Amino acid sequence: MSLSDLGSSCSTNYRLENDRNNVVYNNSHLVDVFYGSKSSTQKTVSFIISQLANAIKVKVRDASDYSFNYTAVIDWSAFDRMRHEQLLDITFEEFQPQILDLLSQITKKQMQIRLEADDSRCKLIFYEKSRLKSLIFLTVDLSLTNQRELVEEMTNSISQLKGFNKSVNAQLSMTKNQLFETELLLKTAVSKNSVLEKQFYKDLELILQTFLSRIRHTETNISVELSKLTKRHHRLIANLELLKKENAVKSDARNQLLQSVQNLRIDNERSHRSVTELKHEIDILRIGKLKLEDNCKDLRTSLASREADVEVLQKQMGELRRDLQDATMIITQKTKTNDEIGKDLLEANRLLVNFNAQYDTLANEADQIREMLTCKDDAIKMQAAELEKIGQEFANYRSLYNSDEISKLRAELRVAKQRADELEKQNREAIKLNGLLTKKLSNSEYEVRNANVGMSRKF
């Protein structure tokens, strides 16, 4: 190799290294590649954009196919030519960000790209499809990459592969060393494991002996505990039978309680009916009481009239006594003729007969009044007994009904008791009046009899 070749190779290596350092975009895309009008294929193509001093370098290559490698260096003059041919509205400074933006839109599937390649050239086309036609935004003409650059890229890739191979070999040697160390560790571990197995078997025999002795001891304890548990089990069975009997008794008692509750409901309904009937009877008793009060008023008026008649009769008795005294005085003073005395006696006897007849009628009327009063006393006693029964039934009813109805019934019972007390007072007053009348009649009868006896003795 000559010095010129070495210098050129060194200059190209430096230039490639510089290009690598100035790479702006390096990504792969799946692109449709058209070879003239014959065929089209899809390839995964790498797009590399580098920033040079006064230009932009665009490279398109296929890593699996070294013949598919195209490059374009766009400087000011090439960009002016592109702008005039494609009617671009951007400057050279805006070209790099715009092409990067188009490539980013391809990754977002907002823009499409295709390559039209032949043996020496390739055209990079950025376009967008619509329903009518495809709208081309930008086209970049690429040419085949220089052979020297291709060789350099290949040598770089080979050197990279060699470096990768070296690193892999180093990792393999490290893994071999690690495997050798792990084998040594495994051997030591196996030796230790054998020693540990022997110790383990010895310990296991000791454990088995202790375990068997403990098992025998636990078997004896378990047998004792089982005997205790059997006794407890028999006790529990007996207690369960007692509980079953108690449960049966409780169920019977519960059924009886349910039956008693049903009976109480029926009794409650009956008592409610009886209460309604009692209320009706109380109303009837009120009406009867009013009638009794009217009868008592009538009896009082009749008693007052009878007392007036008795007073009149007493006055007549007084007048008769006076007449008898006068007659006796006349008889003592005037003893002239027996005819006049006989006439006076006949008149006195007639008066006595009339008086006796009136007295008999008054006695009969007094007996009738006594009988009426006794009948009314019996009726009042019957009413009092009925009121006591009503009070007892009300006490039973009070335990079944609410406080409001109980308070109402209490008020009605109090009113009924007050009226019964008033009737009893009236009955007692009537009994007292009857006793006084009987005393007065007996005294008047006794006085009349004494007067008749005196008159008969005188005659």
# chains A, B, ... in the order shown; residues from 1 in each chain; ligands from 1
$ residues_around --residues "Thr71 (chain A)" --least-positions-apart "3" --cutoff "6 Å" --atoms "only C-alpha atoms" --output "MDAnalysis selection string"
chainID A and resid 58:59 142:143 145
$ closest_atom_pairs --of "region 131-240 of chain A" --to "region 108-116 of chain A" --cutoff "10 Å" --atoms "only C-alpha atoms" --output "tab-separated table"
residue	atom	partner	partner_atom	distance
A:Ser134	CA	A:Gln112	CA	9.9
A:Ile136	CA	A:Gln112	CA	9.5
A:Phe137	CA	A:Met111	CA	9.5
A:Leu138	CA	A:Ile113	CA	9.7
A:Thr139	CA	A:Leu115	CA	9.6
A:Val140	CA	A:Leu115	CA	9.7
A:Asp141	CA	A:Glu116	CA	9.6
A:Leu142	CA	A:Leu115	CA	9.9
$ write_last_selection --atoms "N, CA, C and O atoms" --output "mmCIF file, in the first residue's frame"
data_model
loop_
_atom_site.group_PDB
_atom_site.id
_atom_site.type_symbol
_atom_site.label_atom_id
_atom_site.label_comp_id
_atom_site.auth_asym_id
_atom_site.auth_seq_id
_atom_site.Cartn_x
_atom_site.Cartn_y
_atom_site.Cartn_z
ATOM 1 N N SER A 134 -52.343 11.457 -5.099
ATOM 2 C CA SER A 134 -51.258 11.569 -4.136
ATOM 3 C C SER A 134 -50.628 12.936 -4.267
ATOM 4 O O SER A 134 -50.290 13.383 -5.373
ATOM 5 N N ILE A 136 -47.461 15.203 -3.547
ATOM 6 C CA ILE A 136 -46.033 15.098 -3.243
ATOM 7 C C ILE A 136 -45.594 16.382 -2.582
ATOM 8 O O ILE A 136 -45.820 17.486 -3.103
ATOM 9 N N PHE A 137 -44.937 16.236 -1.403
ATOM 10 C CA PHE A 137 -44.425 17.392 -0.681
ATOM 11 C C PHE A 137 -42.964 17.672 -0.993
ATOM 12 O O PHE A 137 -42.577 18.824 -1.141
ATOM 13 N N LEU A 138 -42.155 16.593 -1.072
ATOM 14 C CA LEU A 138 -40.718 16.808 -1.264
ATOM 15 C C LEU A 138 -40.128 15.566 -1.918
ATOM 16 O O LEU A 138 -40.530 14.444 -1.596
ATOM 17 N N THR A 139 -39.169 15.793 -2.825
ATOM 18 C CA THR A 139 -38.404 14.701 -3.428
ATOM 19 C C THR A 139 -36.923 15.038 -3.283
ATOM 20 O O THR A 139 -36.498 16.195 -3.446
ATOM 21 N N VAL A 140 -36.148 14.001 -2.969
ATOM 22 C CA VAL A 140 -34.700 14.160 -2.800
ATOM 23 C C VAL A 140 -34.022 13.143 -3.707
ATOM 24 O O VAL A 140 -34.322 11.939 -3.614
ATOM 25 N N ASP A 141 -33.146 13.631 -4.582
ATOM 26 C CA ASP A 141 -32.411 12.756 -5.495
ATOM 27 C C ASP A 141 -31.160 12.252 -4.802
ATOM 28 O O ASP A 141 -30.345 13.040 -4.284
ATOM 29 N N LEU A 142 -30.989 10.928 -4.781
ATOM 30 C CA LEU A 142 -29.849 10.286 -4.155
ATOM 31 C C LEU A 142 -29.066 9.525 -5.223
ATOM 32 O O LEU A 142 -29.637 9.029 -6.191
#
$ select_by_dssp --residues "region 87-160 of chain A" --states "helix (DSSP H, G or I)" --output "ChimeraX atom specification"
/A:92-107,147-160
$ write_last_selection --atoms "C-alpha atoms" --output "mmCIF file, in the first residue's frame"
data_model
loop_
_atom_site.group_PDB
_atom_site.id
_atom_site.type_symbol
_atom_site.label_atom_id
_atom_site.label_comp_id
_atom_site.auth_asym_id
_atom_site.auth_seq_id
_atom_site.Cartn_x
_atom_site.Cartn_y
_atom_site.Cartn_z
ATOM 1 C CA PHE A 92 -31.838 26.362 3.405
ATOM 2 C CA GLU A 93 -31.804 26.947 7.165
ATOM 3 C CA GLU A 94 -35.389 25.608 7.410
ATOM 4 C CA PHE A 95 -34.706 22.555 5.271
ATOM 5 C CA GLN A 96 -33.164 20.371 7.985
ATOM 6 C CA PRO A 97 -35.992 20.867 10.588
ATOM 7 C CA GLN A 98 -38.587 20.425 7.849
ATOM 8 C CA ILE A 99 -37.174 17.104 6.660
ATOM 9 C CA LEU A 100 -36.890 15.941 10.306
ATOM 10 C CA ASP A 101 -40.533 16.953 10.807
ATOM 11 C CA LEU A 102 -41.548 14.937 7.736
ATOM 12 C CA LEU A 103 -39.709 11.882 9.065
ATOM 13 C CA SER A 104 -41.413 12.251 12.468
ATOM 14 C CA GLN A 105 -44.802 12.476 10.677
ATOM 15 C CA ILE A 106 -43.929 9.169 8.949
ATOM 16 C CA THR A 107 -43.502 7.504 12.354
ATOM 17 C CA GLN A 147 -17.253 2.527 -3.127
ATOM 18 C CA ARG A 148 -14.546 3.666 -0.778
ATOM 19 C CA GLU A 149 -17.194 4.867 1.702
ATOM 20 C CA LEU A 150 -19.017 1.553 1.341
ATOM 21 C CA VAL A 151 -15.801 -0.316 2.056
ATOM 22 C CA GLU A 152 -15.158 1.890 5.029
ATOM 23 C CA GLU A 153 -18.666 1.281 6.321
ATOM 24 C CA MET A 154 -18.143 -2.447 5.842
ATOM 25 C CA THR A 155 -14.786 -2.315 7.591
ATOM 26 C CA ASN A 156 -16.364 -0.315 10.420
ATOM 27 C CA SER A 157 -19.162 -2.822 10.725
ATOM 28 C CA ILE A 158 -16.600 -5.666 10.631
ATOM 29 C CA SER A 159 -14.541 -3.922 13.306
ATOM 30 C CA GLN A 160 -17.702 -3.454 15.333
#
$ residues_around --residues "Gly36 (chain A)" --least-positions-apart "4" --cutoff "10 Å" --atoms "only C-alpha atoms" --output "number ranges by chain"
A: 40, 116-119
